[in-house]
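Notes follow the structure.
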Amino acid sequence: MRDLVSSVGSAGSVSSVAAPGSAPPAVTEPVAAPQAAEPATAPGAFSAEAVREDFPILHRTVNGHPLVWLDNAATTQKPRQVIEALTAYYSVANSNIHRGAHTMAREATELYEGGRAAVASFLGAESPETVAFTRGTTEAINLVAQSWGRANLGPGDDILVPVLEHHSDIVPWQLIAKETRARVVPVPLDADGQIDQAAYADLLSYRTRLVAVSHASNVLGTVPPVKEMTALAHRYDAKVLVDGAQAVAHLPVDVQDLGADFYVFSGHKLFAPTGIGALYAKPEVMTALKPWQGGGNMIESVSFDRTVFAPAPHLLEAGTGHISGAVGLLAALNWLTGFDRDAIASYENALMAYAQQAMATVPGLSLLGAAPDRIAVLTFTLAGQDPATVADWLDRDGIAVRAGHHCAQPALAHYGLESAARASLSLYNTSEEVDRLVASLRGLQESS
């Protein structure tokens with residue numbers, strides 16, 4: 001297990017990457033804790049081509065063409081370091097956690113709690129105790145709605161939710177609002193796809209109990225002024241939940257600087273496995289949360305007369321958690337933080353600008369949203385073409401994009417649309433892949 005934790009801790013090193021197809025490292029001995037990652041490149045430098053060597057799946061072909069993965073807003077691919085960490089964990093360290101007295105239980109617990117500590121550090125949280133593991137963003141939002149919402153919402157209370165939001169940040173609030181007789185109040189967008197800040201300020205009142213807002217939109221790429229919106233909400237004693245699902249892979253996050261009461265994200269959009277995510281809550285908010293689900297792992301003692309619950313965050317983690325998911329998330333975070341995040345952001349912004357200019361040359365193509373502050377999500381329509389047809393055509397050329405409503409129907413309805421195609425970029429995408437996308441779209445238009 002020493003090699004496992006060492007590889008998880010130093011996964012950011014591009015120079016030590018094995019060639020595609022090589023076997024995972026042998027795993028033999030235990031170790032106490034993950035080590036800090038070494039910088040993957042020189043400070044300020046970033047090489048997408050070097051990063052691509054970490055991703056085995058990017059070397060496959062689809063329909064006879066090299067894969068171009070432009071569906072990163074749906075899920076990111078996984079680096080070799082994450083894959084190897086999962087393989088190594090299941091090879092030598094698989095055990096349940098917390099309740100066992102044997103060596104492997106202690107080792108697995110150490111890795112699981114190491115993942116929690118890594119999430120806290122990644123988010124700039126006060127301590128690991130402010131982080132609870134969930135299955136992902138959706139479960140984290142539902143947890144807050146059911147745990148905090150049931151205890152704090154009542155008739156006449158408002159929950160402000162921008163039209164920009166993913167369904168996962170709308171439906172849970174509708175459900176708890178119906179139960180508590182609160183109401184969900186939509187915050188409109190402007191023509192550029194930004195949250196109308198004047199309307200937001202007007203809608204805030206002392207009836208507002210919660211504001212739920214995404215740190216970055218999955219359909220327009222818009223990055224709202226979350227810090228300013230949070231500060232304004234706090235003037236009315238409202239809590240703020242920030243959906244970071246789309247932001248965490250692209251933007252540095254500091255929950256204390258943002259002032260967020262809750263921050264949620266999914267590992268699978270952050271180069272980690274599916275089925276693992278996290279909820280951050282301010283210390284005073286976390287300790288006030290009530291149990292959402294009951295079972296093992298979230299208790300101190302149980303009798304038929306009385307149950308004593310474990311302290312937060314374990315209070316919110318009933319049953320056996322996704323232990324290997326936490327191991328994979330730990331590996332992904334150590335891999336990502338081994339890079340210069342400012343250099344990544346500069347690269348992605350330059351690639352997005354290139355893609356916007358290149359896609360504008362395709363006849364009949366219209367990009368949605370024009371917010372000046374955004375991540376590299378490029379949702380578009382193509383005149384005369386159904387979005388599903390666009391995605392199918394691109395797939396024939398080995399190019400993966402998303403088509404449909406993107407679980408953001410109110411945002412699309414703002415533009416009078418029911419569906420659209422979406423190309424979403426990540427740090428391993430290149431200008432050559434953008435050129436292939438544009439050439440394929442041109443081919444579709446020329447064939448019609």
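The way I read the labels, and the way they are meant: chains A, B, ... in the order of the structure tokens, residue 1 as the first residue of every chain, and ligand 1 as the first ligand shown, with later ones counted on from there.
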Per-residue nearest contacts of range 236-278 of chain A to range 418-434 of chain A (12 Å; only C-alpha atoms) as JSON lines:
```
{"residue": "A:Gln246", "atom": "CA", "partner": "A:Ser424", "partner_atom": "CA", "distance": 10.4}
{"residue": "A:Ala247", "atom": "CA", "partner": "A:Ser426", "partner_atom": "CA", "distance": 11.4}
{"residue": "A:Val248", "atom": "CA", "partner": "A:Ser426", "partner_atom": "CA", "distance": 11.6}
{"residue": "A:Ala249", "atom": "CA", "partner": "A:Ser426", "partner_atom": "CA", "distance": 8.0}
{"residue": "A:His250", "atom": "CA", "partner": "A:Ser426", "partner_atom": "CA", "distance": 7.9}
{"residue": "A:Leu251", "atom": "CA", "partner": "A:Ser426", "partner_atom": "CA", "distance": 11.6}
{"residue": "A:Lys269", "atom": "CA", "partner": "A:Ser426", "partner_atom": "CA", "distance": 10.1}
{"residue": "A:Leu270", "atom": "CA", "partner": "A:Ser426", "partner_atom": "CA", "distance": 10.1}
{"residue": "A:Phe271", "atom": "CA", "partner": "A:Ser426", "partner_atom": "CA", "distance": 10.3}
```
Item to check | Sel. of strand (DSSP E) residues, range 322-417 of chain A, as a ChimeraX atom specification | outcome: /A:365-367,377-382,399-400,402-404
Limited to all heavy atoms, could you put the picked residues into a file as a CSV table (one decimal), in the first residue's frame?
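The new file out.csv reads:
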```
chain,number,residue,atom,x,y,z
A,365,LEU,N,-24.2,28.6,-37.9
A,365,LEU,CA,-23.9,28.2,-36.5
A,365,LEU,C,-24.1,29.4,-35.6
A,365,LEU,O,-23.6,30.5,-35.9
A,365,LEU,CB,-22.5,27.6,-36.3
A,365,LEU,CG,-22.2,27.0,-34.9
A,365,LEU,CD1,-21.2,25.9,-35.1
A,365,LEU,CD2,-21.6,28.1,-34.0
A,366,SER,N,-24.8,29.2,-34.5
A,366,SER,CA,-25.1,30.3,-33.5
A,366,SER,C,-24.7,29.8,-32.1
A,366,SER,O,-25.2,28.8,-31.7
A,366,SER,CB,-26.5,30.7,-33.5
A,366,SER,OG,-26.9,31.3,-34.8
A,367,LEU,N,-23.8,30.5,-31.5
A,367,LEU,CA,-23.4,30.2,-30.1
A,367,LEU,C,-24.3,30.9,-29.1
A,367,LEU,O,-24.7,32.0,-29.3
A,367,LEU,CB,-22.0,30.6,-29.8
A,367,LEU,CG,-20.8,29.8,-30.5
A,367,LEU,CD1,-19.5,30.5,-30.3
A,367,LEU,CD2,-20.8,28.4,-29.8
A,377,VAL,N,-17.5,26.2,-22.2
A,377,VAL,CA,-18.7,25.5,-22.6
A,377,VAL,C,-19.3,26.2,-23.8
A,377,VAL,O,-19.7,27.4,-23.7
A,377,VAL,CB,-19.8,25.4,-21.4
A,377,VAL,CG1,-21.1,24.8,-21.9
A,377,VAL,CG2,-19.2,24.6,-20.3
A,378,LEU,N,-19.4,25.5,-24.9
A,378,LEU,CA,-19.9,26.2,-26.2
A,378,LEU,C,-21.1,25.4,-26.7
A,378,LEU,O,-21.0,24.4,-27.3
A,378,LEU,CB,-18.7,26.1,-27.2
A,378,LEU,CG,-17.4,26.8,-26.8
A,378,LEU,CD1,-16.3,26.4,-27.7
A,378,LEU,CD2,-17.6,28.3,-26.7
A,379,THR,N,-22.3,26.0,-26.3
A,379,THR,CA,-23.5,25.4,-26.7
A,379,THR,C,-24.0,26.2,-27.9
A,379,THR,O,-23.9,27.4,-28.0
A,379,THR,CB,-24.6,25.6,-25.6
A,379,THR,OG1,-24.1,24.8,-24.4
A,379,THR,CG2,-25.9,25.0,-26.0
A,380,PHE,N,-24.5,25.4,-28.9
A,380,PHE,CA,-24.8,26.0,-30.2
A,380,PHE,C,-25.9,25.3,-31.0
A,380,PHE,O,-26.3,24.2,-30.6
A,380,PHE,CB,-23.5,26.0,-31.1
A,380,PHE,CG,-23.0,24.6,-31.5
A,380,PHE,CD1,-23.4,24.0,-32.7
A,380,PHE,CD2,-22.2,23.9,-30.6
A,380,PHE,CE1,-23.0,22.7,-33.0
A,380,PHE,CE2,-21.8,22.6,-31.0
A,380,PHE,CZ,-22.1,22.0,-32.2
A,381,THR,N,-26.5,26.1,-31.9
A,381,THR,CA,-27.4,25.5,-32.8
A,381,THR,C,-26.9,25.7,-34.2
A,381,THR,O,-26.0,26.5,-34.5
A,381,THR,CB,-28.8,26.3,-32.8
A,381,THR,OG1,-28.6,27.7,-33.0
A,381,THR,CG2,-29.4,26.1,-31.4
A,382,LEU,N,-27.3,24.8,-35.2
A,382,LEU,CA,-26.9,24.8,-36.5
A,382,LEU,C,-28.1,24.9,-37.4
A,382,LEU,O,-29.0,24.0,-37.3
A,382,LEU,CB,-26.1,23.6,-36.8
A,382,LEU,CG,-25.1,23.6,-38.0
A,382,LEU,CD1,-24.1,24.7,-37.9
A,382,LEU,CD2,-24.4,22.3,-38.2
A,399,ILE,N,-16.0,12.4,-33.0
A,399,ILE,CA,-16.0,13.6,-32.1
A,399,ILE,C,-17.3,13.5,-31.2
A,399,ILE,O,-18.4,13.4,-31.7
A,399,ILE,CB,-16.2,14.9,-33.0
A,399,ILE,CG1,-15.0,15.0,-33.9
A,399,ILE,CG2,-16.2,16.2,-32.1
A,399,ILE,CD1,-15.1,16.0,-35.0
A,400,ALA,N,-17.0,13.5,-29.9
A,400,ALA,CA,-18.1,13.4,-28.9
A,400,ALA,C,-18.5,14.7,-28.4
A,400,ALA,O,-17.8,15.4,-27.7
A,400,ALA,CB,-17.6,12.5,-27.8
A,402,ARG,N,-22.4,16.7,-26.8
A,402,ARG,CA,-23.7,16.4,-26.2
A,402,ARG,C,-24.8,17.1,-26.9
A,402,ARG,O,-24.6,18.2,-27.5
A,402,ARG,CB,-23.7,16.9,-24.7
A,402,ARG,CG,-25.0,16.7,-23.9
A,402,ARG,CD,-25.1,15.5,-23.1
A,402,ARG,NE,-24.0,14.6,-23.0
A,402,ARG,CZ,-24.0,13.4,-22.4
A,402,ARG,NH1,-25.2,13.0,-21.9
A,402,ARG,NH2,-23.0,12.6,-22.3
A,403,ALA,N,-26.0,16.5,-27.0
A,403,ALA,CA,-27.1,17.1,-27.6
A,403,ALA,C,-28.4,16.9,-26.8
A,403,ALA,O,-28.5,15.8,-26.2
A,403,ALA,CB,-27.4,16.6,-29.0
A,404,GLY,N,-29.2,17.9,-26.7
A,404,GLY,CA,-30.4,17.8,-25.9
A,404,GLY,C,-30.7,19.0,-25.1
A,404,GLY,O,-30.3,20.1,-25.5
```
Next on the checklist: What parts of range 38-241 of chain A does DSSP call helix (DSSP H, G or I)? I'd like the answer as a PyMOL selection string.
Outcome noted: chain A and resi 48-52+56-59+80-93+103-123+128-130+137-152+167-169+171-180+197-203+226-234
Checklist entry - For the atom pair CA of Thr230 in chain A and CA of Ser266 in chain A, what is the interatomic distance in Å to one decimal place? => result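 The value is 21.5 Å.
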Excluding Lys78 in chain A and its own-chain neighbours fewer than 5 positions away, which residues fall within 12 Å of it when counting only C-alpha atoms? Please give them as a CSV table (one decimal) with N, CA and C atoms, in the first residue's frame.
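So around_30.csv came out as:
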```csv
chain,number,residue,atom,x,y,z
A,51,VAL,N,0.0,16.5,-21.0
A,51,VAL,CA,-1.2,16.0,-20.1
A,51,VAL,C,-1.9,14.8,-20.8
A,52,ARG,N,-2.1,14.9,-22.1
A,52,ARG,CA,-2.8,13.8,-22.8
A,52,ARG,C,-2.2,12.5,-22.6
A,53,GLU,N,-0.9,12.4,-22.4
A,53,GLU,CA,-0.2,11.1,-22.2
A,53,GLU,C,-0.7,10.5,-20.9
A,54,ASP,N,-1.3,11.2,-20.0
A,54,ASP,CA,-1.9,10.7,-18.8
A,54,ASP,C,-3.2,10.0,-19.0
A,55,PHE,N,-3.8,10.1,-20.1
A,55,PHE,CA,-5.2,9.7,-20.3
A,55,PHE,C,-5.3,8.6,-21.4
A,56,PRO,N,-5.3,7.3,-20.9
A,56,PRO,CA,-5.3,6.2,-21.9
A,56,PRO,C,-6.5,6.3,-22.9
A,57,ILE,N,-7.7,6.7,-22.5
A,57,ILE,CA,-8.8,6.7,-23.4
A,57,ILE,C,-8.7,7.7,-24.5
A,58,LEU,N,-7.9,8.7,-24.4
A,58,LEU,CA,-7.7,9.7,-25.5
A,58,LEU,C,-6.8,9.1,-26.6
A,69,TRP,N,-12.7,14.1,-27.5
A,69,TRP,CA,-13.7,14.2,-26.4
A,69,TRP,C,-14.0,15.6,-26.0
A,72,ASN,N,-17.0,17.2,-21.9
A,72,ASN,CA,-16.4,17.3,-20.6
A,72,ASN,C,-17.3,17.9,-19.6
A,83,ILE,N,-6.8,5.8,-12.4
A,83,ILE,CA,-7.1,4.4,-12.7
A,83,ILE,C,-6.2,3.5,-11.9
A,84,GLU,N,-4.9,3.9,-11.8
A,84,GLU,CA,-3.9,3.0,-11.1
A,84,GLU,C,-4.2,3.0,-9.6
A,85,ALA,N,-4.6,4.2,-9.1
A,85,ALA,CA,-5.0,4.2,-7.6
A,85,ALA,C,-6.1,3.3,-7.3
A,86,LEU,N,-7.2,3.3,-8.2
A,86,LEU,CA,-8.3,2.4,-8.0
A,86,LEU,C,-7.9,0.9,-8.1
A,267,GLY,N,-17.2,14.4,-8.3
A,267,GLY,CA,-15.9,14.0,-8.7
A,267,GLY,C,-15.7,13.7,-10.2
A,268,HIS,N,-16.8,13.1,-10.8
A,268,HIS,CA,-16.6,12.7,-12.1
A,268,HIS,C,-16.4,13.8,-13.2
A,269,LYS,N,-16.7,15.0,-12.8
A,269,LYS,CA,-16.4,16.2,-13.6
A,269,LYS,C,-15.1,16.8,-13.3
A,270,LEU,N,-14.3,16.1,-12.4
A,270,LEU,CA,-13.1,16.6,-11.9
A,270,LEU,C,-12.0,15.5,-12.1
A,271,PHE,N,-12.1,14.7,-13.1
A,271,PHE,CA,-11.2,13.6,-13.4
A,271,PHE,C,-11.1,12.5,-12.4
A,272,ALA,N,-12.1,12.4,-11.6
A,272,ALA,CA,-12.3,11.4,-10.6
A,272,ALA,C,-13.4,10.4,-11.0
A,273,PRO,N,-13.6,9.3,-10.2
A,273,PRO,CA,-14.6,8.3,-10.6
A,273,PRO,C,-16.0,8.9,-10.4
A,274,THR,N,-16.9,8.2,-11.0
A,274,THR,CA,-18.4,8.5,-10.8
A,274,THR,C,-18.8,8.0,-9.5
A,328,GLY,N,-10.1,7.4,-5.4
A,328,GLY,CA,-9.9,8.0,-6.7
A,328,GLY,C,-10.0,9.5,-6.7
A,329,LEU,N,-10.9,10.1,-5.9
A,329,LEU,CA,-11.0,11.5,-5.8
A,329,LEU,C,-9.7,12.1,-5.2
A,331,ALA,N,-6.7,10.8,-5.6
A,331,ALA,CA,-5.7,10.8,-6.6
A,331,ALA,C,-5.9,11.9,-7.7
A,332,ALA,N,-7.2,12.1,-8.0
A,332,ALA,CA,-7.5,13.2,-9.0
A,332,ALA,C,-7.1,14.6,-8.5
A,333,LEU,N,-7.4,14.8,-7.2
A,333,LEU,CA,-7.1,16.2,-6.7
A,333,LEU,C,-5.6,16.4,-6.6
A,335,TRP,N,-3.5,14.9,-8.5
A,335,TRP,CA,-3.0,15.1,-9.9
A,335,TRP,C,-3.2,16.5,-10.4
A,336,LEU,N,-4.5,17.0,-10.2
A,336,LEU,CA,-4.8,18.3,-10.7
A,336,LEU,C,-4.0,19.4,-10.0
A,426,SER,N,-11.7,20.9,-22.1
A,426,SER,CA,-11.0,20.7,-20.9
A,426,SER,C,-9.5,20.9,-21.1
A,428,TYR,N,-7.1,18.9,-21.6
A,428,TYR,CA,-6.4,18.0,-22.5
A,428,TYR,C,-6.9,18.2,-23.9
```
Item to check | Surrounding residues of range 188-196 of chain A excluding itself and chain neighbours under 5 positions, 12 Å, only C-alpha atoms, as a PyMOL selection string | outcome: chain A and resi 160-165+201-203+213-226+229+367-374+379+410-416
Write out, as a compact mmCIF listing (two decimals), in the first residue's frame, the residues just selected, with N, CA and C atoms.
```
# COMPACT_ATOMS: atom_id res chain seq x y z
N LEU A 160 -34.43 31.58 -3.78
CA LEU A 160 -34.12 32.22 -5.07
C LEU A 160 -33.22 31.29 -5.88
N VAL A 161 -33.65 31.00 -7.11
CA VAL A 161 -32.93 30.10 -8.01
C VAL A 161 -32.85 30.73 -9.39
N PRO A 162 -31.67 31.10 -9.87
CA PRO A 162 -31.57 31.69 -11.20
C PRO A 162 -32.04 30.74 -12.30
N VAL A 163 -32.55 31.30 -13.37
CA VAL A 163 -32.99 30.53 -14.54
C VAL A 163 -31.82 29.75 -15.15
N LEU A 164 -30.61 30.17 -14.83
CA LEU A 164 -29.39 29.56 -15.34
C LEU A 164 -29.19 28.12 -14.85
N GLU A 165 -29.86 27.72 -13.78
CA GLU A 165 -29.46 26.52 -13.05
C GLU A 165 -29.77 25.20 -13.75
N ALA A 201 -31.22 41.64 -6.94
CA ALA A 201 -31.26 42.54 -5.78
C ALA A 201 -32.69 42.89 -5.39
N ASP A 202 -33.55 43.06 -6.40
CA ASP A 202 -34.95 43.40 -6.12
C ASP A 202 -35.70 42.23 -5.48
N LEU A 203 -35.35 41.02 -5.87
CA LEU A 203 -36.06 39.84 -5.37
C LEU A 203 -35.65 39.46 -3.95
N VAL A 213 -27.19 28.94 -6.42
CA VAL A 213 -26.61 29.48 -7.64
C VAL A 213 -25.42 28.65 -8.07
N SER A 214 -25.27 28.45 -9.38
CA SER A 214 -24.13 27.71 -9.90
C SER A 214 -22.90 28.61 -9.98
N HIS A 215 -21.73 28.04 -9.71
CA HIS A 215 -20.47 28.76 -9.85
C HIS A 215 -20.10 28.92 -11.32
N ALA A 216 -20.62 28.02 -12.16
CA ALA A 216 -20.46 28.12 -13.61
C ALA A 216 -21.58 27.31 -14.25
N SER A 217 -22.15 27.85 -15.32
CA SER A 217 -23.29 27.21 -15.97
C SER A 217 -22.85 26.06 -16.87
N ASN A 218 -23.61 24.96 -16.83
CA ASN A 218 -23.30 23.81 -17.67
C ASN A 218 -23.80 23.97 -19.10
N VAL A 219 -24.61 24.99 -19.36
CA VAL A 219 -25.15 25.14 -20.71
C VAL A 219 -24.68 26.43 -21.39
N LEU A 220 -24.38 27.46 -20.64
CA LEU A 220 -23.92 28.72 -21.21
C LEU A 220 -22.48 29.05 -20.84
N GLY A 221 -21.94 28.34 -19.86
CA GLY A 221 -20.57 28.62 -19.41
C GLY A 221 -20.45 29.84 -18.52
N THR A 222 -21.55 30.54 -18.29
CA THR A 222 -21.55 31.77 -17.50
C THR A 222 -20.99 31.54 -16.09
N VAL A 223 -20.09 32.42 -15.67
CA VAL A 223 -19.58 32.42 -14.30
C VAL A 223 -20.17 33.64 -13.59
N PRO A 224 -21.18 33.45 -12.75
CA PRO A 224 -21.81 34.59 -12.08
C PRO A 224 -20.88 35.20 -11.02
N PRO A 225 -21.15 36.42 -10.60
CA PRO A 225 -20.38 37.05 -9.51
C PRO A 225 -20.83 36.47 -8.16
N VAL A 226 -20.45 35.24 -7.90
CA VAL A 226 -20.97 34.51 -6.75
C VAL A 226 -20.61 35.19 -5.44
N MET A 229 -22.88 38.13 -4.98
CA MET A 229 -24.26 37.68 -4.75
C MET A 229 -24.41 37.11 -3.35
N LEU A 367 -23.79 30.51 -31.48
CA LEU A 367 -23.40 30.18 -30.11
C LEU A 367 -24.34 30.85 -29.12
N LEU A 368 -24.69 30.13 -28.06
CA LEU A 368 -25.57 30.68 -27.03
C LEU A 368 -24.74 31.31 -25.92
N GLY A 369 -25.17 32.47 -25.46
CA GLY A 369 -24.52 33.12 -24.33
C GLY A 369 -23.31 33.92 -24.74
N ALA A 370 -23.17 35.07 -24.12
CA ALA A 370 -22.03 35.94 -24.44
C ALA A 370 -21.50 36.60 -23.17
N ALA A 371 -21.60 35.89 -22.04
CA ALA A 371 -21.09 36.44 -20.79
C ALA A 371 -19.58 36.61 -20.89
N PRO A 372 -19.04 37.74 -20.47
CA PRO A 372 -17.59 37.95 -20.56
C PRO A 372 -16.80 37.05 -19.63
N ASP A 373 -17.40 36.65 -18.52
CA ASP A 373 -16.74 35.75 -17.58
C ASP A 373 -17.39 34.38 -17.72
N ARG A 374 -16.62 33.42 -18.26
CA ARG A 374 -17.22 32.13 -18.57
C ARG A 374 -16.16 31.04 -18.62
N THR A 379 -22.26 25.99 -26.29
CA THR A 379 -23.55 25.43 -26.70
C THR A 379 -24.00 26.17 -27.95
N PRO A 410 -34.98 25.51 -18.40
CA PRO A 410 -35.30 26.94 -18.28
C PRO A 410 -34.27 27.84 -18.96
N ALA A 411 -32.99 27.48 -18.88
CA ALA A 411 -31.95 28.30 -19.53
C ALA A 411 -32.11 28.27 -21.04
N LEU A 412 -32.38 27.10 -21.60
CA LEU A 412 -32.60 27.03 -23.05
C LEU A 412 -33.89 27.75 -23.45
N ALA A 413 -34.91 27.63 -22.62
CA ALA A 413 -36.17 28.31 -22.93
C ALA A 413 -35.99 29.82 -22.97
N HIS A 414 -35.00 30.34 -22.23
CA HIS A 414 -34.69 31.77 -22.28
C HIS A 414 -34.33 32.20 -23.70
N TYR A 415 -33.80 31.27 -24.49
CA TYR A 415 -33.45 31.55 -25.89
C TYR A 415 -34.48 30.99 -26.86
N GLY A 416 -35.61 30.55 -26.34
CA GLY A 416 -36.65 30.01 -27.19
C GLY A 416 -36.33 28.64 -27.75
```
Next on the checklist: Which residues are close to Leu289 in chain A, i.e. within 9 Å by only C-alpha atoms, leaving aside same-chain residues fewer than 3 positions away? Reply as a count of residues only.
Outcome noted: 10
